[in-house]
Each structure stands twice: as structure tokens, then as C-alpha cells.
$ cat my_file-v4.csv   # CSV, N, CA and C atoms
chain,number,residue,atom,x,y,z
K,1,MET,N,-21.8,13.2,7.9
K,1,MET,CA,-20.7,12.3,8.1
K,1,MET,C,-19.4,12.8,7.4
K,2,LEU,N,-19.6,13.2,6.1
K,2,LEU,CA,-18.4,13.7,5.4
K,2,LEU,C,-17.8,14.9,6.1
K,3,PHE,N,-18.6,15.8,6.6
K,3,PHE,CA,-18.0,17.0,7.3
K,3,PHE,C,-17.2,16.6,8.5
K,4,TYR,N,-17.6,15.6,9.3
K,4,TYR,CA,-16.9,15.2,10.4
K,4,TYR,C,-15.6,14.4,10.0
K,5,ALA,N,-15.7,13.6,9.0
K,5,ALA,CA,-14.5,12.9,8.5
K,5,ALA,C,-13.5,14.0,8.0
K,6,HIS,N,-13.9,14.9,7.2
K,6,HIS,CA,-13.0,16.0,6.7
K,6,HIS,C,-12.4,16.8,7.8
K,7,SER,N,-13.2,17.1,8.8
K,7,SER,CA,-12.8,17.9,9.9
K,7,SER,C,-11.8,17.1,10.8
K,8,GLY,N,-12.1,15.8,10.9
K,8,GLY,CA,-11.2,14.9,11.8
K,8,GLY,C,-9.9,14.6,11.1
K,9,VAL,N,-9.9,14.4,9.8
K,9,VAL,CA,-8.6,14.1,9.1
K,9,VAL,C,-7.7,15.3,9.2
K,10,ARG,N,-8.3,16.5,9.3
K,10,ARG,CA,-7.5,17.7,9.5
K,10,ARG,C,-6.4,17.6,10.6
K,11,TYR,N,-6.9,17.0,11.7
K,11,TYR,CA,-5.9,16.8,12.9
K,11,TYR,C,-4.8,15.8,12.5
K,12,LEU,N,-5.1,14.8,11.8
K,12,LEU,CA,-4.0,13.9,11.3
K,12,LEU,C,-3.1,14.6,10.4
K,13,VAL,N,-3.6,15.4,9.5
K,13,VAL,CA,-2.7,16.2,8.6
K,13,VAL,C,-1.8,17.1,9.3
K,14,LEU,N,-2.4,17.8,10.3
K,14,LEU,CA,-1.6,18.8,11.1
K,14,LEU,C,-0.5,18.0,11.9
K,15,LEU,N,-0.9,16.9,12.5
K,15,LEU,CA,0.0,16.1,13.4
K,15,LEU,C,1.2,15.6,12.6
K,16,VAL,N,0.8,14.9,11.4
K,16,VAL,CA,1.9,14.3,10.6
K,16,VAL,C,2.8,15.4,10.0
K,17,GLY,N,2.2,16.6,9.6
K,17,GLY,CA,2.9,17.7,9.1
K,17,GLY,C,3.9,18.2,10.2
K,18,ALA,N,3.4,18.3,11.4
K,18,ALA,CA,4.3,18.8,12.5
K,18,ALA,C,5.4,17.9,12.8
K,19,VAL,N,5.1,16.6,12.8
K,19,VAL,CA,6.2,15.6,13.0
K,19,VAL,C,7.2,15.6,11.9
K,20,ALA,N,6.7,15.7,10.6
K,20,ALA,CA,7.6,15.8,9.5
K,20,ALA,C,8.5,17.0,9.6
K,21,LEU,N,7.9,18.1,9.9
K,21,LEU,CA,8.7,19.4,10.0
K,21,LEU,C,9.8,19.2,11.1
K,22,VAL,N,9.4,18.7,12.3
K,22,VAL,CA,10.4,18.6,13.4
K,22,VAL,C,11.5,17.6,13.0
K,23,HIS,N,11.1,16.5,12.3
K,23,HIS,CA,12.1,15.5,11.9
K,23,HIS,C,13.0,16.2,10.8
K,24,ALA,N,12.5,16.9,9.9
K,24,ALA,CA,13.3,17.6,8.9
K,24,ALA,C,14.3,18.6,9.5
K,25,ILE,N,13.7,19.4,10.4
K,25,ILE,CA,14.6,20.4,11.1
K,25,ILE,C,15.7,19.7,11.9
K,26,PHE,N,15.3,18.7,12.6
K,26,PHE,CA,16.3,17.9,13.4
K,26,PHE,C,17.4,17.3,12.5
K,27,GLY,N,17.0,16.7,11.4
K,27,GLY,CA,17.9,16.1,10.5
K,27,GLY,C,18.8,17.1,9.8
K,28,ALA,N,18.3,18.3,9.5
K,28,ALA,CA,19.1,19.3,8.9
K,28,ALA,C,20.1,20.0,9.8
K,29,THR,N,19.6,20.2,11.1
K,29,THR,CA,20.5,20.9,12.0
K,29,THR,C,21.6,20.0,12.6
K,30,THR,N,21.3,18.7,12.7
K,30,THR,CA,22.3,17.7,13.2
K,30,THR,C,23.1,17.1,12.1
K,31,ARG,N,22.8,17.4,10.9
K,31,ARG,CA,23.5,16.9,9.7
K,31,ARG,C,23.4,15.3,9.7
K,32,ARG,N,22.3,14.8,10.1
K,32,ARG,CA,22.2,13.4,10.0
K,32,ARG,C,22.0,12.9,8.6
K,33,PRO,N,22.4,11.7,8.3
K,33,PRO,CA,22.2,11.2,6.9
K,33,PRO,C,20.7,11.1,6.6
K,34,TYR,N,20.3,11.4,5.4
K,34,TYR,CA,18.9,11.3,5.0
K,34,TYR,C,18.5,9.9,4.8
K,35,GLY,N,17.4,9.5,5.4
K,35,GLY,CA,17.0,8.1,5.3
K,35,GLY,C,15.5,7.9,5.0
K,36,ARG,N,15.1,6.7,5.1
K,36,ARG,CA,13.7,6.4,4.8
K,36,ARG,C,12.7,7.0,5.7
K,37,PRO,N,12.9,7.2,6.9
K,37,PRO,CA,11.9,7.9,7.8
K,37,PRO,C,11.4,9.2,7.3
K,38,MET,N,12.4,10.0,6.8
K,38,MET,CA,12.0,11.4,6.3
K,38,MET,C,11.1,11.2,5.0
K,39,LEU,N,11.5,10.3,4.2
K,39,LEU,CA,10.7,10.1,2.9
K,39,LEU,C,9.3,9.5,3.3
K,40,ALA,N,9.3,8.6,4.3
K,40,ALA,CA,8.0,8.1,4.7
K,40,ALA,C,7.1,9.1,5.4
K,41,LEU,N,7.6,10.0,6.2
K,41,LEU,CA,6.8,11.0,6.8
K,41,LEU,C,6.3,12.0,5.8
K,42,ALA,N,7.2,12.4,4.9
K,42,ALA,CA,6.8,13.4,3.8
K,42,ALA,C,5.7,12.7,2.9
K,43,SER,N,5.9,11.5,2.6
K,43,SER,CA,4.9,10.8,1.7
K,43,SER,C,3.5,10.6,2.5
K,44,THR,N,3.6,10.3,3.7
K,44,THR,CA,2.4,10.2,4.5
K,44,THR,C,1.7,11.5,4.6
K,45,PHE,N,2.4,12.6,4.8
K,45,PHE,CA,1.8,13.9,4.9
K,45,PHE,C,1.1,14.2,3.6
K,46,ALA,N,1.8,14.0,2.5
K,46,ALA,CA,1.2,14.2,1.1
K,46,ALA,C,0.0,13.3,0.9
K,47,GLY,N,0.1,12.1,1.3
K,47,GLY,CA,-1.1,11.2,1.1
K,47,GLY,C,-2.3,11.6,1.9
K,48,LEU,N,-2.0,12.0,3.2
K,48,LEU,CA,-3.2,12.5,4.0
K,48,LEU,C,-3.7,13.8,3.4
K,49,MET,N,-2.9,14.6,2.8
K,49,MET,CA,-3.4,15.8,2.1
K,49,MET,C,-4.3,15.5,0.9
K,50,HIS,N,-3.9,14.5,0.2
K,50,HIS,CA,-4.7,14.0,-0.9
K,50,HIS,C,-6.0,13.4,-0.5
K,51,LEU,N,-6.0,12.7,0.6
K,51,LEU,CA,-7.2,12.2,1.2
K,51,LEU,C,-8.1,13.3,1.6
K,52,GLN,N,-7.5,14.3,2.2
K,52,GLN,CA,-8.3,15.5,2.7
K,52,GLN,C,-8.9,16.2,1.5
K,53,VAL,N,-8.2,16.4,0.4
K,53,VAL,CA,-8.7,17.0,-0.8
K,53,VAL,C,-9.9,16.2,-1.3
K,54,LEU,N,-9.8,14.9,-1.4
K,54,LEU,CA,-10.9,14.0,-1.9
K,54,LEU,C,-12.1,14.1,-1.0
K,55,LEU,N,-11.9,14.1,0.3
K,55,LEU,CA,-13.0,14.3,1.3
K,55,LEU,C,-13.7,15.6,1.1
K,56,GLY,N,-12.8,16.7,0.9
K,56,GLY,CA,-13.3,18.0,0.6
K,56,GLY,C,-14.2,18.1,-0.6
K,57,LEU,N,-13.7,17.5,-1.7
K,57,LEU,CA,-14.4,17.5,-2.9
K,57,LEU,C,-15.8,16.7,-2.8
K,58,ALA,N,-15.7,15.6,-2.1
K,58,ALA,CA,-17.0,14.9,-1.9
K,58,ALA,C,-18.0,15.7,-1.0
K,59,LEU,N,-17.4,16.4,0.0
K,59,LEU,CA,-18.2,17.3,0.8
K,59,LEU,C,-18.8,18.4,0.0
K,60,LEU,N,-18.0,19.0,-0.9
K,60,LEU,CA,-18.4,20.1,-1.8
K,60,LEU,C,-19.6,19.7,-2.7
K,61,PHE,N,-19.6,18.4,-3.2
K,61,PHE,CA,-20.7,18.0,-4.0
K,61,PHE,C,-21.9,17.5,-3.2
K,62,ALA,N,-21.7,17.2,-2.0
K,62,ALA,CA,-22.8,16.7,-1.1
K,62,ALA,C,-23.5,17.9,-0.4
K,63,ASP,N,-22.8,19.0,-0.2
K,63,ASP,CA,-23.3,20.1,0.6
K,63,ASP,C,-23.4,21.3,-0.2
K,64,ARG,N,-23.7,22.4,0.5
K,64,ARG,CA,-23.9,23.7,-0.2
K,64,ARG,C,-22.6,24.4,-0.4
K,65,PHE,N,-22.5,25.2,-1.5
K,65,PHE,CA,-21.3,26.0,-1.8
K,65,PHE,C,-21.6,27.4,-1.3
K,66,TYR,N,-20.5,28.0,-0.7
K,66,TYR,CA,-20.6,29.4,-0.3
K,66,TYR,C,-19.3,30.1,-0.7
K,67,PRO,N,-19.3,31.4,-1.0
K,67,PRO,CA,-18.2,32.1,-1.5
K,67,PRO,C,-16.8,31.9,-0.8
K,68,ALA,N,-16.8,31.8,0.5
K,68,ALA,CA,-15.6,31.6,1.2
K,68,ALA,C,-14.9,30.3,0.9
K,69,LEU,N,-15.6,29.4,0.4
K,69,LEU,CA,-15.0,28.1,0.0
K,69,LEU,C,-14.0,28.2,-1.2
K,70,THR,N,-14.2,29.2,-2.0
K,70,THR,CA,-13.3,29.4,-3.1
K,70,THR,C,-11.9,29.5,-2.6
K,71,GLY,N,-11.6,30.5,-1.7
K,71,GLY,CA,-10.3,30.6,-1.2
K,71,GLY,C,-9.8,29.4,-0.4
K,72,HIS,N,-10.7,28.7,0.3
K,72,HIS,CA,-10.3,27.5,1.0
K,72,HIS,C,-9.9,26.4,0.0
K,73,ILE,N,-10.6,26.2,-1.0
K,73,ILE,CA,-10.3,25.2,-2.0
K,73,ILE,C,-9.0,25.5,-2.7
K,74,VAL,N,-8.8,26.7,-3.1
K,74,VAL,CA,-7.5,27.1,-3.8
K,74,VAL,C,-6.3,26.9,-2.9
K,75,LEU,N,-6.4,27.3,-1.7
K,75,LEU,CA,-5.3,27.2,-0.7
K,75,LEU,C,-5.0,25.7,-0.4
K,76,MET,N,-6.1,24.9,-0.2
K,76,MET,CA,-5.8,23.5,0.1
K,76,MET,C,-5.3,22.7,-1.0
K,77,VAL,N,-5.7,23.0,-2.2
K,77,VAL,CA,-5.2,22.3,-3.4
K,77,VAL,C,-3.7,22.7,-3.6
K,78,LEU,N,-3.4,24.0,-3.4
K,78,LEU,CA,-2.0,24.4,-3.4
K,78,LEU,C,-1.1,23.7,-2.3
K,79,ALA,N,-1.7,23.6,-1.1
K,79,ALA,CA,-1.0,22.9,-0.1
K,79,ALA,C,-0.7,21.4,-0.4
K,80,ALA,N,-1.7,20.8,-1.0
K,80,ALA,CA,-1.5,19.4,-1.4
K,80,ALA,C,-0.4,19.3,-2.5
K,81,VAL,N,-0.4,20.2,-3.4
K,81,VAL,CA,0.6,20.2,-4.5
K,81,VAL,C,2.0,20.4,-3.9
K,82,VAL,N,2.1,21.4,-3.0
K,82,VAL,CA,3.4,21.7,-2.3
K,82,VAL,C,3.9,20.5,-1.5
K,83,ALA,N,3.0,19.9,-0.8
K,83,ALA,CA,3.3,18.7,0.0
K,83,ALA,C,3.8,17.5,-0.8
K,84,GLN,N,3.3,17.4,-2.1
K,84,GLN,CA,3.7,16.3,-2.9
K,84,GLN,C,5.0,16.5,-3.7
K,85,ILE,N,5.4,17.7,-4.0
K,85,ILE,CA,6.5,17.9,-4.9
K,85,ILE,C,7.8,17.4,-4.3
K,86,VAL,N,8.1,17.7,-3.1
K,86,VAL,CA,9.5,17.3,-2.5
K,86,VAL,C,9.6,15.8,-2.4
K,87,PRO,N,8.6,15.1,-1.8
K,87,PRO,CA,8.8,13.6,-1.8
K,87,PRO,C,9.0,13.0,-3.2
K,88,SER,N,8.3,13.5,-4.2
K,88,SER,CA,8.4,13.0,-5.5
K,88,SER,C,9.8,13.2,-6.1
K,89,VAL,N,10.3,14.4,-5.8
K,89,VAL,CA,11.7,14.7,-6.3
K,89,VAL,C,12.7,13.9,-5.6
K,90,MET,N,12.6,13.8,-4.2
K,90,MET,CA,13.6,13.1,-3.4
K,90,MET,C,13.6,11.6,-3.8
K,91,ARG,N,12.5,11.1,-4.1
K,91,ARG,CA,12.4,9.7,-4.4
K,91,ARG,C,13.2,9.4,-5.7
K,92,ARG,N,13.3,10.3,-6.6
K,92,ARG,CA,14.0,10.1,-7.9
K,92,ARG,C,15.5,10.4,-7.7
K,93,ARG,N,15.9,11.1,-6.7
K,93,ARG,CA,17.3,11.5,-6.5
K,93,ARG,C,18.1,10.3,-6.0
K,94,THR,N,19.4,10.3,-6.2
K,94,THR,CA,20.2,9.2,-5.6
K,94,THR,C,20.3,9.5,-4.1
K,95,PRO,N,20.5,8.5,-3.3
K,95,PRO,CA,20.5,8.7,-1.9
K,95,PRO,C,21.5,9.8,-1.4
K,96,LEU,N,22.6,9.9,-2.1
K,96,LEU,CA,23.6,10.9,-1.7
K,96,LEU,C,23.2,12.4,-2.0
K,97,LYS,N,22.2,12.5,-2.9
K,97,LYS,CA,21.8,13.9,-3.3
K,97,LYS,C,20.5,14.3,-2.6
K,98,ARG,N,20.0,13.5,-1.7
K,98,ARG,CA,18.8,13.8,-0.9
K,98,ARG,C,19.2,14.6,0.3
K,99,SER,N,18.3,15.6,0.7
K,99,SER,CA,18.6,16.4,1.8
K,99,SER,C,17.3,16.8,2.6
K,100,PHE,N,17.5,17.2,3.8
K,100,PHE,CA,16.3,17.6,4.6
K,100,PHE,C,15.8,19.0,4.3
K,101,ALA,N,16.6,19.9,3.8
K,101,ALA,CA,16.2,21.3,3.7
K,101,ALA,C,15.0,21.5,2.8
K,102,PRO,N,14.9,20.8,1.6
K,102,PRO,CA,13.6,21.0,0.9
K,102,PRO,C,12.4,20.6,1.6
K,103,HIS,N,12.5,19.6,2.5
K,103,HIS,CA,11.4,19.2,3.3
K,103,HIS,C,11.0,20.2,4.3
K,104,VAL,N,12.0,20.9,4.9
K,104,VAL,CA,11.7,22.0,5.9
K,104,VAL,C,10.9,23.0,5.2
K,105,ILE,N,11.3,23.4,4.0
K,105,ILE,CA,10.6,24.5,3.3
K,105,ILE,C,9.2,24.1,2.8
K,106,SER,N,9.1,22.9,2.2
K,106,SER,CA,7.8,22.5,1.7
K,106,SER,C,6.8,22.2,2.7
K,107,VAL,N,7.2,21.6,3.8
K,107,VAL,CA,6.2,21.3,4.9
K,107,VAL,C,5.8,22.6,5.6
K,108,THR,N,6.8,23.5,5.8
K,108,THR,CA,6.4,24.8,6.3
K,108,THR,C,5.4,25.6,5.5
K,109,VAL,N,5.7,25.6,4.2
K,109,VAL,CA,4.8,26.3,3.2
K,109,VAL,C,3.4,25.6,3.2
K,110,ALA,N,3.4,24.3,3.2
K,110,ALA,CA,2.1,23.6,3.1
K,110,ALA,C,1.3,23.8,4.4
K,111,LEU,N,2.0,23.8,5.6
K,111,LEU,CA,1.3,24.0,6.8
K,111,LEU,C,0.8,25.5,6.9
K,112,ALA,N,1.5,26.4,6.3
K,112,ALA,CA,1.0,27.8,6.3
K,112,ALA,C,-0.2,27.9,5.4
K,113,LEU,N,-0.1,27.3,4.2
K,113,LEU,CA,-1.3,27.3,3.3
K,113,LEU,C,-2.5,26.6,3.9
K,114,ILE,N,-2.3,25.5,4.6
K,114,ILE,CA,-3.4,24.8,5.3
K,114,ILE,C,-4.0,25.8,6.4
K,115,THR,N,-3.2,26.4,7.2
K,115,THR,CA,-3.7,27.3,8.2
K,115,THR,C,-4.5,28.5,7.5
K,116,ALA,N,-3.9,29.0,6.5
K,116,ALA,CA,-4.6,30.1,5.8
K,116,ALA,C,-6.0,29.6,5.2
K,117,GLY,N,-6.0,28.4,4.6
K,117,GLY,CA,-7.2,27.8,4.1
K,117,GLY,C,-8.3,27.6,5.1
K,118,ILE,N,-7.9,27.2,6.3
K,118,ILE,CA,-8.8,27.0,7.4
K,118,ILE,C,-9.4,28.3,7.9
K,119,VAL,N,-8.5,29.3,8.0
K,119,VAL,CA,-8.9,30.6,8.4
K,119,VAL,C,-9.8,31.3,7.4
K,120,ALA,N,-9.6,30.9,6.1
K,120,ALA,CA,-10.4,31.5,5.0
K,120,ALA,C,-11.9,31.2,5.1
K,121,ILE,N,-12.2,30.1,5.8
K,121,ILE,CA,-13.7,29.7,6.0
K,121,ILE,C,-14.1,30.1,7.4
K,122,GLY,N,-13.4,30.9,8.1
K,122,GLY,CA,-13.8,31.4,9.4
K,122,GLY,C,-13.6,30.4,10.6
K,123,ARG,N,-12.7,29.5,10.4
K,123,ARG,CA,-12.5,28.5,11.5
K,123,ARG,C,-11.0,28.7,11.9
K,124,THR,N,-10.6,28.0,13.0
K,124,THR,CA,-9.3,27.9,13.4
K,124,THR,C,-8.7,26.5,13.2
K,125,PRO,N,-7.4,26.4,13.1
K,125,PRO,CA,-6.8,25.0,12.8
K,125,PRO,C,-7.2,24.0,13.9
K,126,PHE,N,-7.3,24.4,15.1
K,126,PHE,CA,-7.6,23.4,16.2
K,126,PHE,C,-9.0,23.6,16.8
K,127,GLY,N,-9.8,24.5,16.3
K,127,GLY,CA,-11.1,24.7,16.8
K,127,GLY,C,-12.1,23.7,16.1
K,128,SER,N,-13.3,23.7,16.6
K,128,SER,CA,-14.3,22.8,16.0
K,128,SER,C,-15.6,23.6,15.9
K,129,SER,N,-16.4,23.2,14.9
K,129,SER,CA,-17.7,23.8,14.8
K,129,SER,C,-18.6,22.8,14.1
K,130,GLY,N,-19.8,22.9,14.3
K,130,GLY,CA,-20.8,22.0,13.7
K,130,GLY,C,-20.9,22.2,12.3
K,131,GLY,N,-21.3,21.1,11.6
K,131,GLY,CA,-21.5,21.2,10.1
K,131,GLY,C,-22.8,21.7,9.8
$ encode --input "my_file-v4.csv" --output "C-alpha cells"
Amino acid sequence: MLFYAHSGVRYLVLLVGAVALVHAIFGATTRRPYGRPMLALASTFAGLMHLQVLLGLALLFADRFYPALTGHIVLMVLAAVVAQIVPSVMRRRTPLKRSFAPHVISVTVALALITAGIVAIGRTPFGSSGG
């Protein structure tokens, strides 16, 4: 059950990450004022990443460990950290000093780390396999 939950939440992470990235790119290119929707998307993305890490840790303790998991774990924890940094910084900035560009960079890096982490265990981001 943990495997399927962990595998299923992956799609939510990727979907929210893609929406956050598109929103950040759109906001940056059209020079729209920074608002709550960007912060909400970035925070949701980070929160889903944290949930995914917790599910992964539970799965790790409930299932067997194999060497390819080391790279997967390291990359996914790094992705969760990267996803969390920008929303935390933007929340502390005054509204006039907030911008979309840091979100573009952090979400892109986090999605790249997620993709690399999934590939590290021999799977594809949108593929499925049995547990």
C-alpha cells in the first residue's frame, strides 16, 4: 500500500510542479505583480514534496533496501530542500521585493532532481511498475 501511495503522489508532485513552473514563467514574462497564487503553488509543491519524502521513508523502513535507492533518496531529499527554500524566503520578503524568477529556477531545479531521482531507480517519471 505504501508503494502505491508513494508512486501515486509522484503524479501530484509533478502536476503541481508543472503548474507552478508555468505560472512562474508566465508571471515573469508578462511582468505581472507577484501575488498569493504563486506563493500558494510553491508552498503546495513543497508540501507535496515533504509528504513524498515521508512516504518514501516509511516505505524504506517497511520494505527492502537496494543500492540504487541511495541515489534516489539523496536526489529526492535535495529536491525537497530546493522546493522549500524559495517559498520560505519569499514569505519573509516584503510584497514589493517578491519576484517570479527565483520560483522559475527552484521549480526547474527541483523537477530536474525529481526526474533524475526517479531514473536512478530504473523507472520513468510517468511510467508505472509493480512494487
$ closest_residue --input "my_file-v4.csv" --among "K:Val104, K:Val81, K:Val53, K:Val74" --to "Ser7 (chain K)" --atoms "only C-alpha atoms"
K:Val53
$ select_by_dssp --input "my_file-v4.csv" --residues "chain K" --states "alpha helix (DSSP H)" --output "VMD selection string"
chain K and resid 2 to 30 36 to 62 68 to 92 101 to 120
$ residues_around --input "my_file-v4.csv" --residues "Thr115 (chain K)" --least-positions-apart "2" --cutoff "12 Å" --atoms "only C-alpha atoms" --output "VMD selection string"
chain K and resid 10 to 11 13 to 14 17 71 to 72 75 to 76 79 108 to 113 117 to 127
$ write_last_selection --input "my_file-v4.csv" --atoms "N, CA and C atoms" --output "mmCIF file, in the coordinates of the input"
data_model
loop_
_atom_site.group_PDB
_atom_site.id
_atom_site.type_symbol
_atom_site.label_atom_id
_atom_site.label_comp_id
_atom_site.auth_asym_id
_atom_site.auth_seq_id
_atom_site.Cartn_x
_atom_site.Cartn_y
_atom_site.Cartn_z
ATOM 1 N N ARG K 10 -8.300 16.500 9.300
ATOM 2 C CA ARG K 10 -7.500 17.700 9.500
ATOM 3 C C ARG K 10 -6.400 17.600 10.600
ATOM 4 N N TYR K 11 -6.900 17.000 11.700
ATOM 5 C CA TYR K 11 -5.900 16.800 12.900
ATOM 6 C C TYR K 11 -4.800 15.800 12.500
ATOM 7 N N VAL K 13 -3.600 15.400 9.500
ATOM 8 C CA VAL K 13 -2.700 16.200 8.600
ATOM 9 C C VAL K 13 -1.800 17.100 9.300
ATOM 10 N N LEU K 14 -2.400 17.800 10.300
ATOM 11 C CA LEU K 14 -1.600 18.800 11.100
ATOM 12 C C LEU K 14 -0.500 18.000 11.900
ATOM 13 N N GLY K 17 2.200 16.600 9.600
ATOM 14 C CA GLY K 17 2.900 17.700 9.100
ATOM 15 C C GLY K 17 3.900 18.200 10.200
ATOM 16 N N GLY K 71 -11.600 30.500 -1.700
ATOM 17 C CA GLY K 71 -10.300 30.600 -1.200
ATOM 18 C C GLY K 71 -9.800 29.400 -0.400
ATOM 19 N N HIS K 72 -10.700 28.700 0.300
ATOM 20 C CA HIS K 72 -10.300 27.500 1.000
ATOM 21 C C HIS K 72 -9.900 26.400 0.000
ATOM 22 N N LEU K 75 -6.400 27.300 -1.700
ATOM 23 C CA LEU K 75 -5.300 27.200 -0.700
ATOM 24 C C LEU K 75 -5.000 25.700 -0.400
ATOM 25 N N MET K 76 -6.100 24.900 -0.200
ATOM 26 C CA MET K 76 -5.800 23.500 0.100
ATOM 27 C C MET K 76 -5.300 22.700 -1.000
ATOM 28 N N ALA K 79 -1.700 23.600 -1.100
ATOM 29 C CA ALA K 79 -1.000 22.900 -0.100
ATOM 30 C C ALA K 79 -0.700 21.400 -0.400
ATOM 31 N N THR K 108 6.800 23.500 5.800
ATOM 32 C CA THR K 108 6.400 24.800 6.300
ATOM 33 C C THR K 108 5.400 25.600 5.500
ATOM 34 N N VAL K 109 5.700 25.600 4.200
ATOM 35 C CA VAL K 109 4.800 26.300 3.200
ATOM 36 C C VAL K 109 3.400 25.600 3.200
ATOM 37 N N ALA K 110 3.400 24.300 3.200
ATOM 38 C CA ALA K 110 2.100 23.600 3.100
ATOM 39 C C ALA K 110 1.300 23.800 4.400
ATOM 40 N N LEU K 111 2.000 23.800 5.600
ATOM 41 C CA LEU K 111 1.300 24.000 6.800
ATOM 42 C C LEU K 111 0.800 25.500 6.900
ATOM 43 N N ALA K 112 1.500 26.400 6.300
ATOM 44 C CA ALA K 112 1.000 27.800 6.300
ATOM 45 C C ALA K 112 -0.200 27.900 5.400
ATOM 46 N N LEU K 113 -0.100 27.300 4.200
ATOM 47 C CA LEU K 113 -1.300 27.300 3.300
ATOM 48 C C LEU K 113 -2.500 26.600 3.900
ATOM 49 N N GLY K 117 -6.000 28.400 4.600
ATOM 50 C CA GLY K 117 -7.200 27.800 4.100
ATOM 51 C C GLY K 117 -8.300 27.600 5.100
ATOM 52 N N ILE K 118 -7.900 27.200 6.300
ATOM 53 C CA ILE K 118 -8.800 27.000 7.400
ATOM 54 C C ILE K 118 -9.400 28.300 7.900
ATOM 55 N N VAL K 119 -8.500 29.300 8.000
ATOM 56 C CA VAL K 119 -8.900 30.600 8.400
ATOM 57 C C VAL K 119 -9.800 31.300 7.400
ATOM 58 N N ALA K 120 -9.600 30.900 6.100
ATOM 59 C CA ALA K 120 -10.400 31.500 5.000
ATOM 60 C C ALA K 120 -11.900 31.200 5.100
ATOM 61 N N ILE K 121 -12.200 30.100 5.800
ATOM 62 C CA ILE K 121 -13.700 29.700 6.000
ATOM 63 C C ILE K 121 -14.100 30.100 7.400
ATOM 64 N N GLY K 122 -13.400 30.900 8.100
ATOM 65 C CA GLY K 122 -13.800 31.400 9.400
ATOM 66 C C GLY K 122 -13.600 30.400 10.600
ATOM 67 N N ARG K 123 -12.700 29.500 10.400
ATOM 68 C CA ARG K 123 -12.500 28.500 11.500
ATOM 69 C C ARG K 123 -11.000 28.700 11.900
ATOM 70 N N THR K 124 -10.600 28.000 13.000
ATOM 71 C CA THR K 124 -9.300 27.900 13.400
ATOM 72 C C THR K 124 -8.700 26.500 13.200
ATOM 73 N N PRO K 125 -7.400 26.400 13.100
ATOM 74 C CA PRO K 125 -6.800 25.000 12.800
ATOM 75 C C PRO K 125 -7.200 24.000 13.900
ATOM 76 N N PHE K 126 -7.300 24.400 15.100
ATOM 77 C CA PHE K 126 -7.600 23.400 16.200
ATOM 78 C C PHE K 126 -9.000 23.600 16.800
ATOM 79 N N GLY K 127 -9.800 24.500 16.300
ATOM 80 C CA GLY K 127 -11.100 24.700 16.800
ATOM 81 C C GLY K 127 -12.100 23.700 16.100
#
$ residues_around --input "my_file-v4.csv" --residues "region 97-100 of chain K" --least-positions-apart "5" --cutoff "12 Å" --atoms "only C-alpha atoms" --output "VMD selection string"
chain K and resid 20 to 39 41 to 42 86 to 92 105 to 107
$ closest_residue --input "my_file-v4.csv" --among "K:Met49, K:Ala40, K:Pro102, K:Arg64" --to "Leu12 (chain K)" --atoms "only N, CA and C atoms"
K:Met49
$ closest_residue --input "my_file-v4.csv" --among "K:Ala101, K:Ala116, K:Ala80, K:Leu69" --to "Leu48 (chain K)" --atoms "all atoms listed in the file"
K:Ala80
$ atom_distance --input "my_file-v4.csv" --atom1 "CA of Phe45 (chain K)" --atom2 "CA of Ala62 (chain K)"
25.5 Å
$ decode --input "my_file-v4.csv" --residues "region 101-112 of chain K" --atoms "N, CA and C atoms" --output "PDB file, in the first residue's frame"
ATOM      1  N   ALA K 101      11.136  35.095 -10.702  1.00  0.00           N
ATOM      2  CA  ALA K 101      12.359  34.463 -11.206  1.00  0.00           C
ATOM      3  C   ALA K 101      12.927  33.387 -10.275  1.00  0.00           C
ATOM      4  N   PRO K 102      13.004  33.623  -8.960  1.00  0.00           N
ATOM      5  CA  PRO K 102      13.516  32.548  -8.100  1.00  0.00           C
ATOM      6  C   PRO K 102      12.660  31.275  -8.154  1.00  0.00           C
ATOM      7  N   HIS K 103      11.354  31.444  -8.343  1.00  0.00           N
ATOM      8  CA  HIS K 103      10.474  30.282  -8.460  1.00  0.00           C
ATOM      9  C   HIS K 103      10.755  29.501  -9.740  1.00  0.00           C
ATOM     10  N   VAL K 104      10.985  30.223 -10.830  1.00  0.00           N
ATOM     11  CA  VAL K 104      11.305  29.558 -12.099  1.00  0.00           C
ATOM     12  C   VAL K 104      12.527  28.672 -11.912  1.00  0.00           C
ATOM     13  N   ILE K 105      13.553  29.231 -11.286  1.00  0.00           N
ATOM     14  CA  ILE K 105      14.800  28.494 -11.098  1.00  0.00           C
ATOM     15  C   ILE K 105      14.610  27.323 -10.135  1.00  0.00           C
ATOM     16  N   SER K 106      14.008  27.565  -8.984  1.00  0.00           N
ATOM     17  CA  SER K 106      13.902  26.495  -7.980  1.00  0.00           C
ATOM     18  C   SER K 106      12.990  25.356  -8.425  1.00  0.00           C
ATOM     19  N   VAL K 107      11.873  25.685  -9.057  1.00  0.00           N
ATOM     20  CA  VAL K 107      10.969  24.623  -9.511  1.00  0.00           C
ATOM     21  C   VAL K 107      11.621  23.826 -10.636  1.00  0.00           C
ATOM     22  N   THR K 108      12.326  24.501 -11.530  1.00  0.00           N
ATOM     23  CA  THR K 108      13.031  23.798 -12.605  1.00  0.00           C
ATOM     24  C   THR K 108      14.082  22.850 -12.035  1.00  0.00           C
ATOM     25  N   VAL K 109      14.868  23.346 -11.091  1.00  0.00           N
ATOM     26  CA  VAL K 109      15.907  22.502 -10.472  1.00  0.00           C
ATOM     27  C   VAL K 109      15.268  21.342  -9.714  1.00  0.00           C
ATOM     28  N   ALA K 110      14.212  21.617  -8.960  1.00  0.00           N
ATOM     29  CA  ALA K 110      13.543  20.549  -8.202  1.00  0.00           C
ATOM     30  C   ALA K 110      12.971  19.491  -9.139  1.00  0.00           C
ATOM     31  N   LEU K 111      12.326  19.906 -10.220  1.00  0.00           N
ATOM     32  CA  LEU K 111      11.777  18.934 -11.172  1.00  0.00           C
ATOM     33  C   LEU K 111      12.886  18.125 -11.849  1.00  0.00           C
ATOM     34  N   ALA K 112      14.018  18.759 -12.131  1.00  0.00           N
ATOM     35  CA  ALA K 112      15.154  18.029 -12.713  1.00  0.00           C
ATOM     36  C   ALA K 112      15.699  17.008 -11.719  1.00  0.00           C
TER      37      ALA K 112
END
